[in-house]
$ cat model24.txt   # compact mmCIF, C-alpha atoms and all ligand atoms
# COMPACT_ATOMS: atom_id res chain seq x y z
CA MET A 653 0.00 0.00 0.00
CA LEU A 654 2.87 2.35 0.84
CA ALA A 655 4.51 1.65 -2.52
CA ASP A 656 1.24 2.52 -4.30
CA HIS A 657 0.37 5.61 -2.24
CA GLN A 658 3.72 7.06 -1.19
CA ASP A 659 2.92 10.54 -2.58
CA ASP A 660 -0.54 10.91 -1.03
CA CYS A 661 -0.48 8.96 2.23
CA LYS A 662 0.75 9.08 5.83
CA ILE A 663 1.48 6.13 8.06
CA ILE A 664 -0.53 6.18 11.29
CA CYS A 665 0.23 3.97 14.26
CA GLY A 666 -1.05 5.27 17.62
CA GLY A 667 -1.95 8.70 16.21
CA GLN A 668 -0.65 10.37 19.41
CA SER A 669 1.49 12.80 17.43
CA LEU A 670 0.04 12.60 13.93
CA LEU A 671 -3.54 13.48 14.87
CA ILE A 672 -2.36 16.64 16.63
CA VAL A 673 -0.55 17.95 13.55
CA MET A 674 -3.46 16.90 11.31
CA ARG A 675 -5.93 18.80 13.52
CA GLN A 676 -3.63 21.83 13.33
CA GLY A 677 -3.72 21.55 9.54
CA LEU A 678 0.04 21.10 9.37
CA VAL A 679 -0.34 17.69 7.74
CA VAL A 680 -2.94 17.13 5.05
CA THR A 681 -3.18 13.76 3.38
CA ASP A 682 -5.54 11.76 1.17
CA PHE A 683 -4.87 8.38 2.77
CA LEU A 684 -3.85 7.06 6.15
CA ILE A 685 -2.21 3.64 6.28
CA ASP A 686 -2.90 2.24 9.73
CA ILE A 687 -0.14 -0.05 10.98
CA LYS A 688 -1.35 -0.29 14.58
CA GLY A 689 -2.66 -3.81 14.01
CA LEU A 690 0.60 -5.17 12.56
CA ASN A 691 1.32 -7.37 15.56
CA GLU A 692 4.33 -8.93 13.84
CA MET A 693 6.01 -5.52 14.26
CA SER A 694 5.38 -5.49 18.02
CA TYR A 695 8.12 -7.40 19.84
CA ILE A 696 11.12 -7.08 22.14
CA THR A 697 13.93 -9.62 21.74
CA TYR A 698 17.48 -9.85 23.08
CA GLY A 699 20.50 -11.97 22.17
CA GLU A 700 23.99 -11.75 23.73
CA LYS A 701 25.55 -11.17 20.28
CA GLU A 702 22.93 -9.21 18.34
CA GLY A 703 21.66 -7.18 21.29
CA LEU A 704 18.19 -5.70 21.59
CA LYS A 705 15.55 -5.54 18.87
CA ILE A 706 12.29 -3.68 19.33
CA GLY A 707 9.57 -3.78 16.67
CA ALA A 708 8.34 -0.34 15.62
CA THR A 709 4.69 -0.78 16.65
CA THR A 710 5.68 -1.77 20.22
CA THR A 711 3.95 0.65 22.59
CA HIS A 712 5.71 2.81 25.16
CA ARG A 713 3.84 0.97 27.89
CA THR A 714 5.03 -2.46 26.69
CA ILE A 715 8.63 -1.19 26.85
CA GLU A 716 8.08 0.34 30.28
CA LYS A 717 6.66 -2.94 31.61
CA SER A 718 9.20 -5.29 29.99
CA ASP A 719 11.06 -7.50 32.49
CA LEU A 720 13.74 -8.11 29.87
CA LEU A 721 14.41 -4.39 29.55
CA LYS A 722 14.32 -3.85 33.31
CA GLN A 723 17.18 -6.32 33.50
CA LYS A 724 19.21 -5.49 30.36
CA TYR A 725 18.45 -1.83 29.52
CA PRO A 726 16.94 -0.29 32.69
CA VAL A 727 17.58 3.23 31.35
CA LEU A 728 14.96 2.65 28.60
CA VAL A 729 12.38 1.68 31.20
CA ALA A 730 13.24 4.80 33.21
CA VAL A 731 12.90 6.99 30.11
CA GLU A 732 9.51 5.51 29.24
CA LYS A 733 8.19 6.36 32.70
CA LYS A 734 8.89 10.03 31.83
CA VAL A 735 7.04 9.94 28.49
CA ALA A 736 3.62 11.62 28.58
CA SER A 737 0.78 9.95 30.52
CA ILE A 738 -0.10 6.28 30.87
CA GLN A 739 -2.92 6.82 28.36
CA VAL A 740 -0.49 8.12 25.70
CA ARG A 741 2.03 5.40 26.55
CA ASN A 742 -0.64 2.74 26.16
CA TRP A 743 -1.36 3.82 22.62
CA GLY A 744 1.76 5.53 21.21
CA SER A 745 4.56 3.46 19.69
CA ILE A 746 8.33 3.68 19.76
CA GLY A 747 8.38 3.76 15.94
CA GLY A 748 5.92 6.67 15.86
CA ASN A 749 7.88 8.52 18.51
CA LEU A 750 11.14 8.28 16.54
CA ALA A 751 9.60 8.80 13.08
CA HIS A 752 7.76 11.94 14.21
CA GLY A 753 11.18 13.60 14.32
CA ASP A 754 10.43 15.89 17.26
CA SER A 755 13.72 16.99 18.79
CA SER A 756 12.04 17.11 22.22
CA GLY A 757 11.28 13.37 22.05
CA ASP A 758 12.68 11.48 25.03
CA LEU A 759 13.63 8.18 23.42
CA ALA A 760 16.00 9.30 20.67
CA PRO A 761 18.70 10.84 22.93
CA THR A 762 18.93 7.75 25.11
CA LEU A 763 18.88 5.39 22.15
CA ILE A 764 21.59 7.42 20.39
CA ALA A 765 23.66 7.35 23.59
CA LEU A 766 23.30 3.54 23.45
CA ASP A 767 24.45 3.59 19.79
CA ALA A 768 21.10 2.40 18.41
CA THR A 769 20.30 1.82 14.74
CA VAL A 770 16.97 1.81 12.93
CA LYS A 771 15.81 -0.55 10.22
CA LEU A 772 13.97 1.14 7.36
CA SER A 773 12.09 -1.07 4.93
CA SER A 774 10.37 -0.51 1.60
CA SER A 775 8.43 -3.17 -0.29
CA LYS A 776 11.69 -3.95 -2.13
CA GLU A 777 14.54 -3.71 0.40
CA SER A 778 15.68 -2.84 3.90
CA ARG A 779 18.54 -0.71 5.19
CA VAL A 780 19.96 -0.05 8.62
CA LEU A 781 20.95 3.46 9.66
CA PRO A 782 22.51 4.79 12.88
CA LEU A 783 19.72 6.60 14.71
CA GLU A 784 22.08 9.56 15.00
CA GLU A 785 21.97 9.93 11.18
CA PHE A 786 18.20 9.44 11.01
CA TYR A 787 17.45 13.04 12.05
CA THR A 788 18.14 15.55 9.29
CA GLY A 789 16.25 18.70 10.31
CA LEU A 790 13.24 20.15 12.10
CA PHE A 791 10.71 17.26 12.10
CA GLU A 792 12.68 15.78 9.18
CA THR A 793 14.20 12.34 8.93
CA ALA A 794 16.25 10.35 6.45
CA MET A 795 13.28 8.05 5.79
CA GLU A 796 12.20 7.89 2.15
CA LYS A 797 8.51 8.24 1.28
CA ASN A 798 8.25 4.54 0.44
CA GLU A 799 9.90 3.39 3.67
CA LEU A 800 8.55 2.22 6.98
CA LEU A 801 10.55 2.24 10.19
CA THR A 802 10.29 -1.41 11.13
CA GLU A 803 12.79 -2.07 13.93
CA ILE A 804 15.01 -0.38 16.50
CA GLN A 805 18.28 -2.17 17.27
CA VAL A 806 20.53 -1.55 20.27
CA PRO A 807 23.91 -3.30 20.58
CA PRO A 808 24.79 -5.20 23.76
CA VAL A 809 25.95 -2.77 26.43
CA PRO A 810 29.75 -3.00 26.93
CA PRO A 811 30.98 -4.03 30.39
CA ARG A 812 31.38 -1.24 32.98
CA THR A 813 28.86 0.98 31.14
CA GLY A 814 26.21 3.11 32.80
CA ALA A 815 23.52 5.26 31.20
CA ALA A 816 21.12 7.92 32.45
CA TYR A 817 18.55 10.37 31.07
CA THR A 818 16.58 13.25 32.47
CA LYS A 819 14.66 16.23 31.18
CA PHE A 820 13.75 19.55 32.70
CA ASN A 821 10.09 20.39 32.57
CA LEU A 822 7.60 22.47 34.50
CA ILE A 823 4.78 19.91 34.35
CA GLU A 824 5.78 16.35 35.20
CA ASN A 825 5.94 14.05 32.15
CA ASP A 826 5.41 16.97 29.79
CA GLN A 827 7.83 17.29 26.91
CA GLY A 828 11.22 18.49 28.12
CA ILE A 829 12.40 22.09 27.85
CA VAL A 830 15.72 20.33 27.37
CA GLY A 831 16.88 16.79 28.12
CA VAL A 832 20.24 15.08 28.44
CA ALA A 833 21.19 11.42 27.98
CA ALA A 834 24.63 10.14 28.94
CA ALA A 835 26.34 6.78 28.55
CA VAL A 836 29.76 6.25 30.14
CA THR A 837 32.07 3.24 29.78
CA LEU A 838 34.96 2.82 32.22
CA ASP A 839 38.18 0.84 31.94
CA PRO A 840 39.09 -1.53 34.81
CA ALA A 841 41.00 1.31 36.52
CA GLY A 842 37.89 3.53 36.58
CA ILE A 843 39.04 5.88 33.81
CA CYS A 844 36.48 6.97 31.21
CA LYS A 845 37.05 4.85 28.10
CA ASP A 846 34.05 6.06 26.13
CA ALA A 847 31.28 8.60 26.59
CA ARG A 848 28.22 9.55 24.58
CA ILE A 849 26.17 12.57 25.54
CA VAL A 850 23.02 13.46 23.62
CA LEU A 851 20.81 16.52 24.06
CA SER A 852 17.08 16.80 23.37
CA ASN A 853 15.24 19.99 22.49
CA ALA A 854 18.56 21.84 22.37
CA GLY A 855 18.51 22.15 18.56
CA VAL A 856 16.36 21.11 15.61
CA THR A 857 17.51 17.49 15.98
CA PRO A 858 18.92 15.46 18.88
CA ILE A 859 22.52 16.70 19.27
CA ARG A 860 25.64 14.71 20.22
CA ALA A 861 27.62 16.87 22.67
CA LYS A 862 30.95 15.79 21.24
CA SER A 863 33.17 18.36 22.94
CA ALA A 864 31.71 17.31 26.29
CA GLU A 865 32.45 13.68 25.42
CA ARG A 866 36.07 14.61 24.61
CA VAL A 867 36.41 16.30 28.00
CA LEU A 868 35.53 13.02 29.73
CA ILE A 869 37.39 10.41 27.68
CA GLY A 870 40.73 9.41 29.22
CA ASN A 871 40.00 11.04 32.56
CA ARG A 872 39.02 10.16 36.10
CA ARG A 873 35.81 11.45 37.62
CA GLY A 874 35.98 14.61 39.66
CA ASP A 875 33.80 17.65 40.30
CA SER A 876 35.92 19.90 38.07
CA LEU A 877 35.77 17.36 35.21
CA LEU A 878 31.97 17.15 35.48
CA ALA A 879 31.73 20.95 35.54
CA GLU A 880 33.98 21.20 32.49
CA ALA A 881 31.82 18.66 30.63
CA GLY A 882 28.72 20.69 31.49
CA VAL A 883 30.23 23.88 30.10
CA ALA A 884 31.31 22.04 26.94
CA ALA A 885 27.82 20.53 26.44
CA ALA A 886 26.22 23.97 26.84
CA GLY A 887 28.51 25.11 24.02
CA ASP A 888 27.58 22.10 21.88
CA ALA A 889 23.86 22.91 22.22
CA ASP A 890 22.15 24.96 19.53
CA PRO A 891 18.89 26.01 21.19
CA VAL A 892 16.31 28.64 20.29
CA SER A 893 14.31 30.97 22.50
CA ASP A 894 10.58 30.24 22.60
CA ILE A 895 7.63 30.62 24.98
CA HIS A 896 9.04 27.88 27.24
CA ALA A 897 12.61 29.16 27.74
CA THR A 898 15.21 31.52 26.37
CA GLU A 899 18.21 30.24 24.48
CA ARG A 900 20.45 31.25 27.40
CA HIS A 901 18.32 29.42 29.94
CA ARG A 902 18.33 26.27 27.78
CA ARG A 903 22.13 26.35 27.55
CA TYR A 904 22.35 26.76 31.31
CA LEU A 905 20.02 23.78 31.82
CA VAL A 906 22.04 21.65 29.39
CA GLY A 907 25.14 22.36 31.51
CA VAL A 908 23.44 21.42 34.78
CA LEU A 909 21.73 18.29 33.44
CA THR A 910 24.91 17.11 31.68
CA ARG A 911 26.84 17.33 34.94
CA ARG A 912 24.14 15.37 36.77
CA MET A 913 23.59 12.72 34.11
CA VAL A 914 27.30 12.09 33.50
CA LYS A 915 27.78 11.68 37.28
CA LEU A 916 24.88 9.23 37.50
CA ALA A 917 25.94 7.27 34.41
CA TRP A 918 29.50 7.12 35.78
CA GLU A 919 28.28 5.85 39.17
CA ARG A 920 26.19 3.21 37.42
CA ALA A 921 29.17 2.17 35.31
CA ALA A 922 31.22 1.80 38.49
CA GLY A 923 28.42 -0.21 40.15
CA GLN A 924 27.85 2.53 42.74
CA ALA A 925 24.28 3.48 41.77
C1 LIG B 1001 -0.29 14.64 25.55
C2 LIG B 1001 0.99 14.10 24.92
C3 LIG B 1001 2.16 14.18 25.63
C4 LIG B 1001 3.34 13.68 25.07
N1 LIG B 1001 4.48 13.74 25.82
C5 LIG B 1001 5.62 13.19 25.33
C6 LIG B 1001 6.81 13.16 26.12
O1 LIG B 1001 6.84 13.58 27.26
N2 LIG B 1001 7.91 12.63 25.54
C7 LIG B 1001 7.93 12.12 24.27
O2 LIG B 1001 8.97 11.63 23.82
N3 LIG B 1001 6.81 12.13 23.52
C8 LIG B 1001 5.68 12.65 24.02
N4 LIG B 1001 4.54 12.66 23.24
C9 LIG B 1001 4.62 12.15 21.85
C10 LIG B 1001 4.31 10.69 21.80
O3 LIG B 1001 4.98 9.95 22.76
C11 LIG B 1001 4.85 10.03 20.57
O4 LIG B 1001 5.22 10.87 19.59
C12 LIG B 1001 3.88 8.99 20.14
O5 LIG B 1001 4.05 7.92 20.99
C13 LIG B 1001 4.01 8.63 18.68
O6 LIG B 1001 3.62 7.30 18.47
P1 LIG B 1001 2.34 6.96 17.62
O7 LIG B 1001 2.37 5.49 17.42
O8 LIG B 1001 1.14 7.52 18.26
O9 LIG B 1001 2.69 7.70 16.25
P2 LIG B 1001 1.70 8.43 15.23
O10 LIG B 1001 1.14 9.65 15.85
O11 LIG B 1001 0.74 7.46 14.65
O12 LIG B 1001 2.77 8.84 14.11
C14 LIG B 1001 3.70 9.85 14.36
C15 LIG B 1001 4.52 10.09 13.07
O13 LIG B 1001 5.33 8.97 12.79
C16 LIG B 1001 4.98 8.37 11.53
N5 LIG B 1001 5.04 6.94 11.79
C17 LIG B 1001 4.46 6.25 12.80
N6 LIG B 1001 4.91 4.99 12.82
C18 LIG B 1001 5.77 4.86 11.77
C19 LIG B 1001 6.58 3.80 11.27
N7 LIG B 1001 6.62 2.60 11.86
N8 LIG B 1001 7.33 4.02 10.19
C20 LIG B 1001 7.34 5.25 9.60
N9 LIG B 1001 6.62 6.30 10.03
C21 LIG B 1001 5.85 6.10 11.11
C22 LIG B 1001 3.59 8.92 11.20
O14 LIG B 1001 3.39 8.97 9.80
C23 LIG B 1001 3.67 10.30 11.83
O15 LIG B 1001 4.37 11.17 10.97
C24 LIG B 1001 3.33 13.12 23.77
C25 LIG B 1001 2.13 13.05 23.05
C26 LIG B 1001 0.97 13.53 23.62
C27 LIG B 1001 -0.32 13.41 22.84
$ encode --input "model24.txt" --output "structure tokens"
Amino acid sequence: MLADHQDDCKIICGGQSLLIVMRQGLVVTDFLIDIKGLNEMSYITYGEKEGLKIGATTTHRTIEKSDLLKQKYPVLVAVEKKVASIQVRNWGSIGGNLAHGDSSGDLAPTLIALDATVKLSSSKESRVLPLEEFYTGLFETAMEKNELLTEIQVPPVPPRTGAAYTKFNLIENDQGIVGVAAAVTLDPAGICKDARIVLSNAGVTPIRAKSAERVLIGNRRGDSLLAEAGVAAAGDADPVSDIHATERHRRYLVGVLTRRMVKLAWERAAGQA
């Protein structure tokens, strides 16, 4: 159906984001292709070699309640608890959340910090893309018109790795004014071997705070290192001023949340949290 209608259709899954933009008249379409009932695209599997695979129509609530994820990727469960309300989580899907391309989305930063990839499939072929490369602009993705996001893949978490995510918002479980995800991998001596820091709602797409990552790699944890990483992340951000916060306030928040999330991720990597 997508191959036949790619120029005059939209995919709908839970409708939790699409219906809002349709009601606002921002999206007008002749056809909706409803994939909510494609149960074969709703699954969570894990293998020691291939890692985690989540089908695109899997709901937020299924992820939040998954015992497998609680054990293997607890940060994803924690993130889901911060997404919207239970009602929205019961109906909205991980595929819809990522494909919507909203830079304030909570899942993308954490998944990018975990080095996730997405599988995009047309009726003819499939390709796998790093989630980091999926976002190309404001509500824009690298998905072609004839493609469906079918699966989210997360590699096994390396030993001595911890991850954390938080967002700053005025109303609990509302979309974040900014958010920060951090993943830290330590060597056996407790020195940072790898770090990935990803910002939400601090630019038109999720942003890797690469200068902040460089500050951490090769170093031991300390208050001045965390502070330096926060300052670097604030510089990596590219926020705008809007009714929720000024650009300056967003940068300040990025600095604070980066410090806190790197500390928490580091403690988790060291088995202290
Ligand atoms: C009140 C409210 C509060 C919210 N708060 C948060 C929050 O705090 N954090 C957060 O991250 N999100 C939040 N959201 C957004 C919501 O979580 C997700 O965007 C939603 O889950 C999208 O999933 P869906 O299945 O409903 O997608 P839909 O609305 O059906 O689709 C969204 C977009 O993705 C496309 N699409 C859907 N599935 C696919 C697919 N498999 N392949 C290709 N394209 C696809 C659609 O064409 C559409 O463009 C909130 C939403 C509401 C209504």
$ atom_distance --input "model24.txt" --atom1 "atom CA of A:Val892" --atom2 "atom O3 of ligand LIG 1001 (chain B)"
22.0 Å
$ axis_aligned_box --input "model24.txt" --around "ligand LIG 1001 (chain B)" --padding-each-side "3 Å" --output "AutoDock Vina command-line options"
--center_x 4.3 --center_y 8.6 --center_z 18.4 --size_x 15.3 --size_y 18.0 --size_z 23.7
$ closest_atom_pairs --input "model24.txt" --of "chain A" --to "ligand LIG 1001 (chain B)" --cutoff "6 Å" --atoms "all atoms listed in the file" --output "CSV"
residue,atom,partner,partner_atom,distance
A:Lys662,CA,B:LIG1001,O14,4.8
A:Ile663,CA,B:LIG1001,O14,3.8
A:Ile664,CA,B:LIG1001,O11,3.8
A:Cys665,CA,B:LIG1001,O11,3.5
A:Gly666,CA,B:LIG1001,O8,3.2
A:Gly667,CA,B:LIG1001,O10,3.3
A:Gln668,CA,B:LIG1001,O8,3.6
A:Ser669,CA,B:LIG1001,O10,3.5
A:Leu670,CA,B:LIG1001,O10,3.7
A:Ala708,CA,B:LIG1001,N7,5.1
A:Val735,CA,B:LIG1001,O1,3.8
A:Ala736,CA,B:LIG1001,N1,3.6
A:Val740,CA,B:LIG1001,C26,6.0
A:Gly744,CA,B:LIG1001,O5,3.3
A:Ser745,CA,B:LIG1001,O7,3.8
A:Gly747,CA,B:LIG1001,N7,4.6
A:Gly748,CA,B:LIG1001,O9,3.4
A:Asn749,CA,B:LIG1001,O4,3.7
A:Ala751,CA,B:LIG1001,O13,4.3
A:His752,CA,B:LIG1001,C15,3.9
A:Gly757,CA,B:LIG1001,O2,3.4
A:Asp758,CA,B:LIG1001,O2,3.9
A:Leu759,CA,B:LIG1001,O2,5.8
A:Leu800,CA,B:LIG1001,N8,3.9
A:Leu801,CA,B:LIG1001,N8,3.7
A:Thr802,CA,B:LIG1001,N7,5.5
A:Asn825,CA,B:LIG1001,O1,5.0
A:Asp826,CA,B:LIG1001,O1,4.5
A:Gln827,CA,B:LIG1001,O1,3.9
$ atom_distance --input "model24.txt" --atom1 "atom CA of A:Ile823" --atom2 "atom CA of A:Val906"
18.0 Å
$ residues_around --input "model24.txt" --residues "stretch 807-810 of chain A" --least-positions-apart "2" --cutoff "12 Å" --atoms "only C-alpha atoms" --output "MDAnalysis selection string"
chainID A and resid 697:706 721 723:727 763:770 782 804:805 812:815 835:839 845:847 921
